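**Q** entry_10.txt is the file, holding compact mmCIF, C-alpha atoms and all ligand atoms:
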```txt
# COMPACT_ATOMS: atom_id res chain seq x y z
CA MET A 99 -36.18 -16.59 38.60
CA LYS A 100 -32.90 -17.51 36.87
CA LYS A 101 -33.04 -20.81 35.01
CA ILE A 102 -30.11 -22.97 36.09
CA LYS A 103 -29.71 -26.02 33.84
CA THR A 104 -27.86 -28.35 36.17
CA ILE A 105 -28.48 -31.36 33.93
CA GLU A 106 -29.42 -31.39 30.25
CA PHE A 107 -29.65 -34.35 27.90
CA LYS A 108 -29.45 -33.44 24.21
CA ASN A 109 -28.36 -35.35 21.11
CA ASP A 110 -27.05 -38.29 23.14
CA ILE A 111 -24.81 -36.10 25.29
CA LEU A 112 -25.37 -35.35 28.97
CA TYR A 113 -24.41 -31.75 29.77
CA LEU A 114 -23.65 -30.96 33.40
CA ILE A 115 -22.69 -27.67 35.00
CA ASP A 116 -19.22 -28.43 36.34
CA GLN A 117 -19.83 -27.71 40.03
CA ARG A 118 -16.13 -28.15 40.80
CA ARG A 119 -15.45 -24.92 38.91
CA LEU A 120 -18.15 -22.65 40.34
CA PRO A 121 -18.25 -19.84 41.31
CA THR A 122 -15.08 -18.63 39.57
CA SER A 123 -15.88 -20.16 36.21
CA TYR A 124 -19.00 -21.51 34.56
CA GLU A 125 -18.08 -24.58 32.55
CA ILE A 126 -20.10 -27.39 31.05
CA PHE A 127 -18.93 -30.98 31.50
CA LYS A 128 -20.01 -33.29 28.67
CA CYS A 129 -20.65 -36.98 29.26
CA ARG A 130 -20.67 -39.02 26.06
CA ASP A 131 -20.80 -42.44 27.71
CA TYR A 132 -21.82 -43.95 31.04
CA ARG A 133 -18.21 -44.14 32.28
CA GLU A 134 -17.98 -40.38 32.07
CA VAL A 135 -21.23 -40.17 34.03
CA ASP A 136 -19.76 -42.49 36.65
CA TYR A 137 -16.69 -40.23 36.86
CA ALA A 138 -18.82 -37.06 37.03
CA ILE A 139 -20.79 -38.37 40.00
CA ASN A 140 -17.75 -39.72 41.82
CA ASP A 141 -15.61 -36.63 41.30
CA MET A 142 -18.52 -34.32 42.24
CA VAL A 143 -18.87 -32.56 38.89
CA VAL A 144 -22.51 -33.04 39.83
CA ARG A 145 -23.59 -33.41 43.44
CA GLY A 146 -26.61 -33.35 45.69
CA ALA A 147 -28.84 -36.40 46.15
CA PRO A 148 -31.64 -35.74 43.59
CA ALA A 149 -29.19 -34.42 40.96
CA ILE A 150 -27.07 -37.55 41.32
CA GLY A 151 -30.16 -39.74 40.81
CA ALA A 152 -31.25 -38.00 37.60
CA THR A 153 -27.68 -37.96 36.28
CA ALA A 154 -27.30 -41.69 36.87
CA ALA A 155 -30.57 -42.32 34.99
CA TYR A 156 -29.11 -40.60 31.93
CA GLY A 157 -25.94 -42.64 32.45
CA VAL A 158 -28.12 -45.70 31.87
CA VAL A 159 -29.50 -44.11 28.68
CA LEU A 160 -25.94 -43.58 27.41
CA ALA A 161 -25.05 -47.20 28.23
CA ALA A 162 -28.09 -48.48 26.34
CA LYS A 163 -27.21 -46.31 23.34
CA GLU A 164 -23.65 -47.69 23.35
CA PHE A 165 -24.82 -51.32 23.46
CA LEU A 166 -27.67 -50.96 20.93
CA LYS A 167 -25.86 -53.01 18.29
CA GLU A 168 -24.95 -55.88 20.61
CA ASP A 169 -26.84 -59.16 20.39
CA ARG A 170 -29.54 -59.59 23.07
CA LYS A 171 -27.44 -61.66 25.45
CA ASP A 172 -24.52 -59.22 25.38
CA PHE A 173 -26.84 -56.21 25.59
CA PHE A 174 -28.34 -57.43 28.88
CA LYS A 175 -24.95 -58.52 30.24
CA LYS A 176 -23.29 -55.20 29.46
CA MET A 177 -26.25 -53.21 30.74
CA ASP A 178 -26.11 -55.14 33.99
CA LYS A 179 -22.44 -54.25 34.42
CA ALA A 180 -23.05 -50.58 33.60
CA LEU A 181 -25.92 -50.41 36.11
CA ASP A 182 -23.76 -52.04 38.79
CA GLU A 183 -20.95 -49.56 38.19
CA LEU A 184 -23.21 -46.53 38.27
CA ASN A 185 -24.94 -47.84 41.39
CA VAL A 186 -21.73 -47.55 43.42
CA SER A 187 -20.44 -44.25 42.05
CA ARG A 188 -21.20 -42.75 45.49
CA PRO A 189 -22.51 -44.63 48.53
CA THR A 190 -24.63 -42.37 50.73
CA ALA A 191 -27.30 -40.60 48.65
CA VAL A 192 -30.05 -43.17 48.21
CA ASN A 193 -31.55 -41.29 45.24
CA LEU A 194 -28.74 -42.85 43.19
CA MET A 195 -29.72 -46.44 44.04
CA TRP A 196 -33.38 -45.48 43.73
CA ALA A 197 -32.89 -44.17 40.17
CA ILE A 198 -30.76 -47.14 39.14
CA GLY A 199 -33.39 -49.48 40.62
CA ARG A 200 -36.08 -47.76 38.59
CA MET A 201 -34.04 -48.13 35.39
CA ARG A 202 -33.35 -51.78 36.20
CA ASN A 203 -37.08 -52.42 36.59
CA ILE A 204 -37.80 -50.81 33.22
CA ILE A 205 -35.30 -53.13 31.54
CA GLU A 206 -36.73 -56.13 33.36
CA GLU A 207 -40.38 -55.26 32.62
CA ASN A 208 -39.66 -54.76 28.92
CA LYS A 209 -37.17 -57.51 28.27
CA GLU A 210 -39.38 -59.16 25.66
CA LEU A 211 -39.21 -56.06 23.43
CA THR A 212 -36.55 -55.38 20.81
CA ILE A 213 -33.36 -53.71 22.02
CA GLU A 214 -34.29 -50.51 20.18
CA GLU A 215 -37.67 -50.50 21.97
CA ILE A 216 -36.01 -51.15 25.33
CA TYR A 217 -33.70 -48.22 24.65
CA GLN A 218 -36.75 -46.00 24.01
CA LYS A 219 -38.33 -47.14 27.31
CA ILE A 220 -35.09 -46.37 29.17
CA ARG A 221 -34.92 -42.92 27.58
CA GLU A 222 -38.57 -42.21 28.53
CA GLU A 223 -37.97 -43.33 32.12
CA ALA A 224 -34.93 -41.06 32.53
CA ASP A 225 -36.94 -38.12 31.17
CA LEU A 226 -39.71 -38.98 33.62
CA ILE A 227 -37.32 -39.04 36.59
CA TYR A 228 -36.05 -35.64 35.45
CA LYS A 229 -39.53 -34.18 35.08
CA GLU A 230 -40.80 -35.63 38.35
CA ASP A 231 -37.88 -34.16 40.31
CA LEU A 232 -38.74 -30.65 39.22
CA GLU A 233 -42.43 -31.12 40.06
CA THR A 234 -41.53 -32.68 43.40
CA ASN A 235 -39.30 -29.74 44.30
CA LYS A 236 -42.03 -27.23 43.51
CA ALA A 237 -44.51 -29.18 45.67
CA MET A 238 -42.01 -29.41 48.55
CA ALA A 239 -41.37 -25.69 48.31
CA LYS A 240 -45.09 -24.96 48.69
CA HIS A 241 -45.43 -27.20 51.75
CA GLY A 242 -42.25 -25.80 53.25
CA ASN A 243 -43.26 -22.20 52.70
CA GLN A 244 -46.13 -22.71 55.16
CA ILE A 245 -43.69 -22.87 58.06
CA ILE A 246 -41.70 -19.80 56.98
CA LYS A 247 -42.88 -16.68 58.78
CA GLU A 248 -42.83 -13.21 57.26
CA GLY A 249 -39.40 -11.70 57.94
CA ALA A 250 -37.85 -15.03 58.98
CA THR A 251 -34.10 -15.54 59.17
CA ILE A 252 -33.17 -18.96 57.85
CA LEU A 253 -29.94 -20.88 58.35
CA THR A 254 -28.92 -23.50 55.79
CA HIS A 255 -26.06 -25.91 55.29
CA CYS A 256 -24.41 -27.33 52.17
CA ASN A 257 -26.12 -26.82 48.81
CA THR A 258 -29.73 -27.83 48.37
CA GLY A 259 -30.63 -25.61 45.45
CA ALA A 260 -31.17 -25.95 41.72
CA LEU A 261 -27.62 -27.27 41.41
CA ALA A 262 -28.29 -30.13 43.83
CA THR A 263 -31.45 -31.18 42.00
CA VAL A 264 -32.92 -31.00 38.52
CA GLY A 265 -34.10 -27.51 39.40
CA TYR A 266 -35.48 -25.23 42.14
CA GLY A 267 -34.05 -27.27 45.01
CA THR A 268 -35.08 -28.88 48.28
CA ALA A 269 -34.28 -26.67 51.30
CA LEU A 270 -33.22 -23.85 49.00
CA GLY A 271 -36.42 -24.45 47.02
CA VAL A 272 -38.35 -23.49 50.16
CA VAL A 273 -36.16 -20.39 50.46
CA ARG A 274 -36.88 -19.53 46.79
CA GLU A 275 -40.61 -19.99 47.31
CA ALA A 276 -40.66 -17.79 50.43
CA HIS A 277 -38.69 -15.11 48.58
CA TYR A 278 -40.89 -15.20 45.48
CA THR A 279 -44.09 -15.14 47.48
CA GLY A 280 -42.92 -11.83 48.89
CA LYS A 281 -41.81 -12.77 52.40
CA LYS A 282 -38.93 -10.59 53.50
CA ILE A 283 -36.64 -13.44 54.45
CA PHE A 284 -32.93 -13.40 55.18
CA VAL A 285 -30.60 -16.38 54.73
CA TYR A 286 -27.37 -17.36 56.45
CA ALA A 287 -25.46 -19.95 54.41
CA ASP A 288 -22.80 -22.10 56.07
CA GLU A 289 -19.71 -22.31 53.89
CA THR A 290 -19.66 -26.12 54.47
CA ARG A 291 -16.11 -27.32 54.81
CA PRO A 292 -14.34 -29.13 53.26
CA ARG A 293 -15.89 -28.97 49.77
CA LEU A 294 -17.46 -25.56 50.37
CA GLN A 295 -20.81 -26.30 48.74
CA GLY A 296 -22.28 -23.45 50.80
CA SER A 297 -19.91 -20.78 49.58
CA ARG A 298 -19.30 -22.11 46.08
CA LEU A 299 -22.85 -23.17 45.22
CA THR A 300 -25.50 -21.94 47.66
CA ALA A 301 -24.02 -18.45 47.82
CA TRP A 302 -23.81 -18.46 44.01
CA GLU A 303 -27.49 -19.32 43.72
CA LEU A 304 -28.47 -16.75 46.37
CA VAL A 305 -26.55 -14.03 44.54
CA GLN A 306 -28.09 -15.04 41.18
CA GLU A 307 -31.57 -14.83 42.73
CA LYS A 308 -30.82 -11.64 44.70
CA ILE A 309 -32.07 -13.24 47.91
CA PRO A 310 -30.88 -11.21 50.93
CA SER A 311 -28.19 -13.35 52.55
CA LYS A 312 -24.81 -13.65 54.20
CA LEU A 313 -22.20 -16.35 53.93
CA ILE A 314 -20.74 -17.55 57.24
CA ALA A 315 -17.91 -19.86 58.25
CA ASP A 316 -19.38 -23.06 59.69
CA ASN A 317 -18.24 -22.21 63.20
CA VAL A 318 -20.33 -19.00 63.29
CA ALA A 319 -23.66 -20.86 63.32
CA ALA A 320 -23.66 -21.67 67.06
CA THR A 321 -23.27 -18.02 68.03
CA LEU A 322 -26.08 -16.92 65.71
CA ILE A 323 -28.39 -19.59 67.09
CA ARG A 324 -27.57 -18.79 70.73
CA ASP A 325 -28.07 -15.08 70.12
CA GLY A 326 -31.60 -15.67 68.80
CA LYS A 327 -30.71 -14.58 65.28
CA ILE A 328 -32.04 -17.72 63.57
CA ASP A 329 -35.77 -18.46 63.30
CA VAL A 330 -35.55 -21.75 61.46
CA ILE A 331 -32.93 -24.14 60.06
CA LEU A 332 -33.57 -25.83 56.73
CA VAL A 333 -31.29 -28.56 55.38
CA GLY A 334 -31.53 -31.28 52.75
CA ALA A 335 -30.92 -35.02 53.05
CA ASP A 336 -29.00 -37.75 51.32
CA ARG A 337 -30.79 -40.65 52.97
CA ILE A 338 -33.58 -40.85 55.52
CA ALA A 339 -34.02 -44.09 57.44
CA SER A 340 -37.55 -45.28 58.19
CA ASN A 341 -37.27 -44.04 61.80
CA GLY A 342 -36.46 -40.49 60.63
CA ASP A 343 -32.70 -40.56 61.25
CA THR A 344 -31.25 -38.47 58.43
CA ALA A 345 -27.88 -38.51 56.70
CA ASN A 346 -26.85 -35.18 55.26
CA LYS A 347 -23.68 -33.19 54.67
CA ILE A 348 -21.13 -33.38 57.46
CA GLY A 349 -21.88 -30.68 60.02
CA THR A 350 -25.66 -31.10 59.88
CA PHE A 351 -25.75 -33.17 63.07
CA MET A 352 -23.78 -30.51 64.95
CA LEU A 353 -26.30 -27.86 63.84
CA SER A 354 -29.20 -30.02 64.98
CA VAL A 355 -27.73 -30.40 68.47
CA ILE A 356 -27.32 -26.64 68.86
CA ALA A 357 -30.79 -26.02 67.43
CA LYS A 358 -32.30 -28.40 70.00
CA GLU A 359 -30.42 -26.74 72.85
CA TYR A 360 -31.79 -23.31 71.87
CA ASN A 361 -35.26 -24.44 70.70
CA VAL A 362 -34.81 -23.41 67.08
CA PRO A 363 -36.97 -25.45 64.66
CA PHE A 364 -34.84 -27.79 62.57
CA TYR A 365 -36.39 -29.08 59.33
CA ILE A 366 -35.22 -31.55 56.73
CA VAL A 367 -36.47 -30.81 53.21
CA ALA A 368 -36.29 -33.87 50.96
CA PRO A 369 -38.35 -35.75 48.40
CA THR A 370 -39.78 -39.13 49.39
CA THR A 371 -37.23 -40.63 46.96
CA THR A 372 -34.63 -39.84 49.65
CA ILE A 373 -36.39 -42.10 52.15
CA ASP A 374 -34.89 -45.55 52.44
CA PHE A 375 -37.98 -47.40 53.64
CA GLY A 376 -36.02 -50.62 54.02
CA MET A 377 -33.55 -49.12 56.46
CA LYS A 378 -34.49 -49.32 60.13
CA SER A 379 -32.25 -46.59 61.52
CA GLY A 380 -29.42 -44.24 60.66
CA LYS A 381 -26.91 -46.72 62.10
CA GLU A 382 -27.20 -48.68 58.86
CA ILE A 383 -26.37 -45.75 56.57
CA GLU A 384 -23.01 -46.03 54.86
CA ILE A 385 -21.10 -42.80 55.32
CA GLU A 386 -18.77 -41.96 52.48
CA GLU A 387 -15.20 -41.09 53.42
CA ARG A 388 -13.48 -38.91 50.89
CA ASN A 389 -9.91 -38.13 49.97
CA SER A 390 -7.69 -36.51 52.62
CA THR A 391 -6.64 -33.78 50.17
CA GLU A 392 -10.14 -32.25 50.52
CA VAL A 393 -9.02 -31.27 54.04
CA THR A 394 -5.30 -30.70 53.57
CA HIS A 395 -5.56 -28.57 50.42
CA ILE A 396 -7.64 -25.65 49.20
CA GLU A 397 -7.50 -25.05 45.45
CA GLY A 398 -4.26 -27.00 45.32
CA ILE A 399 -2.67 -24.96 48.12
CA VAL A 400 -1.38 -27.00 51.02
CA ILE A 401 -2.89 -25.95 54.37
CA ALA A 402 -1.74 -28.85 56.57
CA PRO A 403 1.64 -30.40 57.27
CA GLU A 404 2.76 -33.33 55.18
CA GLY A 405 2.33 -36.59 57.08
CA ILE A 406 -0.77 -35.60 59.07
CA GLU A 407 -3.52 -38.20 58.99
CA VAL A 408 -7.00 -37.03 58.07
CA TYR A 409 -10.52 -38.19 58.90
CA ASN A 410 -12.88 -36.91 56.22
CA PRO A 411 -16.44 -38.26 56.37
CA ALA A 412 -18.65 -36.53 53.80
CA PHE A 413 -21.89 -36.98 55.75
CA ASP A 414 -23.24 -37.43 59.26
CA VAL A 415 -26.49 -38.71 60.69
CA THR A 416 -28.90 -36.48 62.58
CA PRO A 417 -31.05 -38.52 64.98
CA TRP A 418 -34.82 -38.19 64.53
CA GLU A 419 -35.13 -36.71 68.02
CA ASN A 420 -33.42 -33.53 66.78
CA ILE A 421 -35.70 -33.09 63.77
CA THR A 422 -38.79 -30.86 64.03
CA GLY A 423 -40.24 -32.11 60.76
CA ILE A 424 -39.44 -33.59 57.35
CA ILE A 425 -40.84 -31.51 54.50
CA THR A 426 -41.63 -33.70 51.49
CA GLU A 427 -43.63 -33.22 48.29
CA LYS A 428 -46.55 -35.02 49.96
CA GLY A 429 -46.61 -32.92 53.11
CA ILE A 430 -44.71 -32.39 56.35
CA ILE A 431 -43.91 -35.52 58.34
CA LYS A 432 -43.73 -35.12 62.10
CA ALA A 433 -42.85 -37.52 64.92
CA PRO A 434 -43.58 -40.32 65.61
CA TYR A 435 -41.54 -40.80 62.43
CA LYS A 436 -41.56 -44.59 62.51
CA GLU A 437 -45.33 -44.63 62.00
CA ASN A 438 -45.72 -41.49 59.93
CA ILE A 439 -42.94 -42.16 57.41
CA MET A 440 -44.43 -45.54 56.51
CA LYS A 441 -47.70 -43.81 55.54
CA TRP A 442 -45.88 -42.31 52.53
CA ARG A 443 -44.49 -45.56 51.22
O1 LIG A 501 -21.43 -34.39 48.85
P1 LIG A 501 -22.59 -33.69 48.20
O2 LIG A 501 -22.26 -32.30 47.76
O3 LIG A 501 -23.22 -34.51 47.11
O4 LIG A 501 -23.64 -33.57 49.38
C1 LIG A 501 -24.83 -32.87 49.17
C2 LIG A 501 -25.67 -32.79 50.38
O5 LIG A 501 -25.35 -33.30 51.42
C3 LIG A 501 -27.00 -32.11 50.25
O6 LIG A 501 -27.29 -31.38 51.40
C4 LIG A 501 -28.05 -33.19 50.03
O7 LIG A 501 -27.75 -33.98 48.92
C5 LIG A 501 -29.41 -32.64 49.87
S1 LIG A 501 -29.52 -31.74 48.38
C6 LIG A 501 -30.87 -31.62 47.66
```
Go ahead and render the structure in this file as structure tokens.
**A**
Amino acid sequence: MKKIKTIEFKNDILYLIDQRRLPTSYEIFKCRDYREVDYAINDMVVRGAPAIGATAAYGVVLAAKEFLKEDRKDFFKKMDKALDELNVSRPTAVNLMWAIGRMRNIIEENKELTIEEIYQKIREEADLIYKEDLETNKAMAKHGNQIIKEGATILTHCNTGALATVGYGTALGVVREAHYTGKKIFVYADETRPRLQGSRLTAWELVQEKIPSKLIADNVAATLIRDGKIDVILVGADRIASNGDTANKIGTFMLSVIAKEYNVPFYIVAPTTTIDFGMKSGKEIEIEERNSTEVTHIEGIVIAPEGIEVYNPAFDVTPWENITGIITEKGIIKAPYKENIMKWR
């Protein structure tokens, strides 16, 4: 397996693979302070729910390092502001708020210590979040592999691989596991307009790993499903409400509707850190709307007339009724989701 270092923290610098540049160039984006981390998340240098969470945690480490020499009152005040800023760098993926919440708790629990000691605790917590994500992905992959049949053809949407996490991936982690355990699988990857995470990132990972696959335009999926060419659909998640409604990359909902119509199993693969236990249903999930140029331009080339208005939501919500199961690191959750999700809290 190729080792993809999506996120690396070394010598007080956070190194990120610049996912805006893949697949044509492989560049590393360096964050030297938390503001650069904030920018990197917002501008999608790094993307994918678990990757955003781990990145934000290191953003907090960089903030603490910067404010080490402040007096106690200013240290806590400035840390609070940095945490607030990072917390809103993107709105939909709950792993971001989850990671920031965890860092906030560490500061709170250790506030009697010296600032240097608090900094050490923050650093340890970020490393723990990083380590846990990798372990979680491997566990999810093992659970998920149980539902993948020998010779299965899998359809996936957006990027859910090593690039979207600390490593291995969520839905693409299951694909990796099936491939490495010798199942002769085949993958169709949606290109995922408008940011093309499927073609830029998923296809890049599939090629790196030599996993048999084809890239398709998003509008091909319905035909493949109707024609019986897809055995199972695996996607990731950015936020799962406590009733099972799931926000994921725009286009996921459409896939789920077609899958239901043609009885194709539709699975979400996500760590329990993506579950928002406090949220009753998907109606409450804030859906990020991104810049219109993501739709009107490709690589700086204009593909729409000047003056056209654009609607560009980055995510949609798939209702729990369309979901066959949610594959987590603790096992596969099935309906009734309301009861079964709460068991993992
Ligand atoms: O806008 P992005 O690229 O951050 O969106 C990513 C997705 O929607 C992924 O499918 C999701 O985060 C699950 S990835 C492990």
**Q** Go ahead and compute the interatomic distance for CA of Ala315 in chain A and CA of Gly349 in chain A, in Å to one decimal.
**A**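 Going from CA of Ala315 in chain A over to CA of Gly349 in chain A covers 11.7 Å.
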**Q** Neighbours of Val408 in chain A within 12 Å (all atoms listed in the file; same-chain residues fewer than 5 positions away dropped), as a PyMOL selection string?
**A** chain A and resi 292+387-395+402-403
**Q** Can you write out as a Markdown table which residues of chain A fall within 7 Å of ligand LIG 501 (chain A), alongside each residue's closest atom pair and its distance in Å to one decimal, counting only C-alpha atoms and all ligand atoms and ordering rows by chain and ascending residue number?
**A**
```
| residue | atom | partner | partner_atom | distance |
| --- | --- | --- | --- | --- |
| A:Met142 | CA | A:LIG501 | O3 | 6.8 |
| A:Arg145 | CA | A:LIG501 | O3 | 3.8 |
| A:Gly146 | CA | A:LIG501 | O7 | 3.5 |
| A:Ala147 | CA | A:LIG501 | O7 | 3.8 |
| A:Pro148 | CA | A:LIG501 | C6 | 5.8 |
| A:Ala191 | CA | A:LIG501 | O7 | 6.6 |
| A:His255 | CA | A:LIG501 | O6 | 6.8 |
| A:Cys256 | CA | A:LIG501 | O6 | 5.0 |
| A:Asn257 | CA | A:LIG501 | O6 | 5.4 |
| A:Thr258 | CA | A:LIG501 | S1 | 3.9 |
| A:Gly259 | CA | A:LIG501 | C6 | 6.4 |
| A:Ala262 | CA | A:LIG501 | C6 | 4.9 |
| A:Thr263 | CA | A:LIG501 | C6 | 5.7 |
| A:Gly267 | CA | A:LIG501 | C6 | 6.0 |
| A:Thr268 | CA | A:LIG501 | C6 | 5.1 |
| A:Gln295 | CA | A:LIG501 | O2 | 6.3 |
| A:Val333 | CA | A:LIG501 | O6 | 6.3 |
| A:Gly334 | CA | A:LIG501 | C5 | 3.8 |
| A:Ala335 | CA | A:LIG501 | C5 | 4.2 |
| A:Asp336 | CA | A:LIG501 | O7 | 4.6 |
| A:Asn346 | CA | A:LIG501 | O5 | 4.5 |
| A:Lys347 | CA | A:LIG501 | O5 | 3.7 |
| A:Ala368 | CA | A:LIG501 | C6 | 6.7 |
| A:Ala412 | CA | A:LIG501 | O1 | 6.1 |
| A:Phe413 | CA | A:LIG501 | O5 | 6.7 |
```
**Q** Find the spatial neighbours of range 321-330 of chain A, counting all atoms listed in the file, within a cut-off of 9 Å - ignore same-chain residues fewer than 5 positions away - and output them as a VMD selection string.
**A** chain A and resid 245 to 247 250 to 254 286 356 to 357 359 to 360 362 to 365
**Q** Could you name the residues that touch range 122-130 of chain A at 7 Å or less, counting only C-alpha atoms, but leaving out those on the same chain fewer than 4 positions away, as a list of chain:residue names?
**A**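 Counting only C-alpha atoms, the residues come to A:Ile111, A:Leu112, A:Tyr113, A:Leu114, A:Ile115, A:Asp116, A:Glu134, A:Val135.
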**Q** Rank A:Leu166, A:Val144, A:Ile421, A:Ile439 by their smallest atom-to-atom distance to Glu215 in chain A, using only C-alpha atoms, and report the top residue only.
**A**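 Ranked by minimum distance to Glu215 in chain A, first place goes to A:Leu166.
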**Q** Can you build me a table of range 143-260 of chain A residues sitting at most 9 Å from range 104-110 of chain A, with the closest atom pair per residue and its distance in Å to one decimal, using only C-alpha atoms, sorted by chain and residue number, as CSV?
**A**
```
residue,atom,partner,partner_atom,distance
A:Val144,CA,A:Thr104,CA,8.0
A:Ala149,CA,A:Ile105,CA,7.7
A:Ala152,CA,A:Ile105,CA,8.1
A:Thr153,CA,A:Ile105,CA,7.1
A:Tyr156,CA,A:Phe107,CA,7.5
A:Val159,CA,A:Asp110,CA,8.4
A:Leu160,CA,A:Asp110,CA,6.9
A:Lys163,CA,A:Asp110,CA,8.0
A:Asp225,CA,A:Phe107,CA,8.8
A:Tyr228,CA,A:Ile105,CA,8.8
A:Ala260,CA,A:Thr104,CA,6.9
```
**Q** How many Å lie between CA of Asp414 in chain A and CA of Ser354 in chain A, rounded to one decimal?
**A**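 If I compute the distance from CA of Asp414 in chain A to CA of Ser354 in chain A, I get 11.1 Å.
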**Q** Just want the 10 Å neighbourhood of Ala276 in chain A, counted on only C-alpha atoms, with same-chain residues fewer than 6 positions away dropped. Output as a CSV table (one decimal) with C-alpha atoms, keeping the file's coordinate frame.
**A**
```
chain,number,residue,atom,x,y,z
A,239,ALA,CA,-41.4,-25.7,48.3
A,240,LYS,CA,-45.1,-25.0,48.7
A,242,GLY,CA,-42.2,-25.8,53.2
A,243,ASN,CA,-43.3,-22.2,52.7
A,244,GLN,CA,-46.1,-22.7,55.2
A,245,ILE,CA,-43.7,-22.9,58.1
A,246,ILE,CA,-41.7,-19.8,57.0
A,247,LYS,CA,-42.9,-16.7,58.8
A,248,GLU,CA,-42.8,-13.2,57.3
A,249,GLY,CA,-39.4,-11.7,57.9
A,250,ALA,CA,-37.8,-15.0,59.0
A,270,LEU,CA,-33.2,-23.8,49.0
A,282,LYS,CA,-38.9,-10.6,53.5
A,283,ILE,CA,-36.6,-13.4,54.4
```
**Q** How many Å separate CA of Asp131 in chain A from CA of Gly199 in chain A?
**A**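 That distance, rounded to one decimal, is 19.4 Å.
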**Q** Taking only C-alpha atoms into account, name the residue in A:Val264, A:Leu294, A:Ile373, A:Val318 that is nearest to Met440 in chain A.
**A**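 Going through A:Val264, A:Leu294, A:Ile373, A:Val318 one by one, the smallest distance to Met440 in chain A is for A:Ile373.
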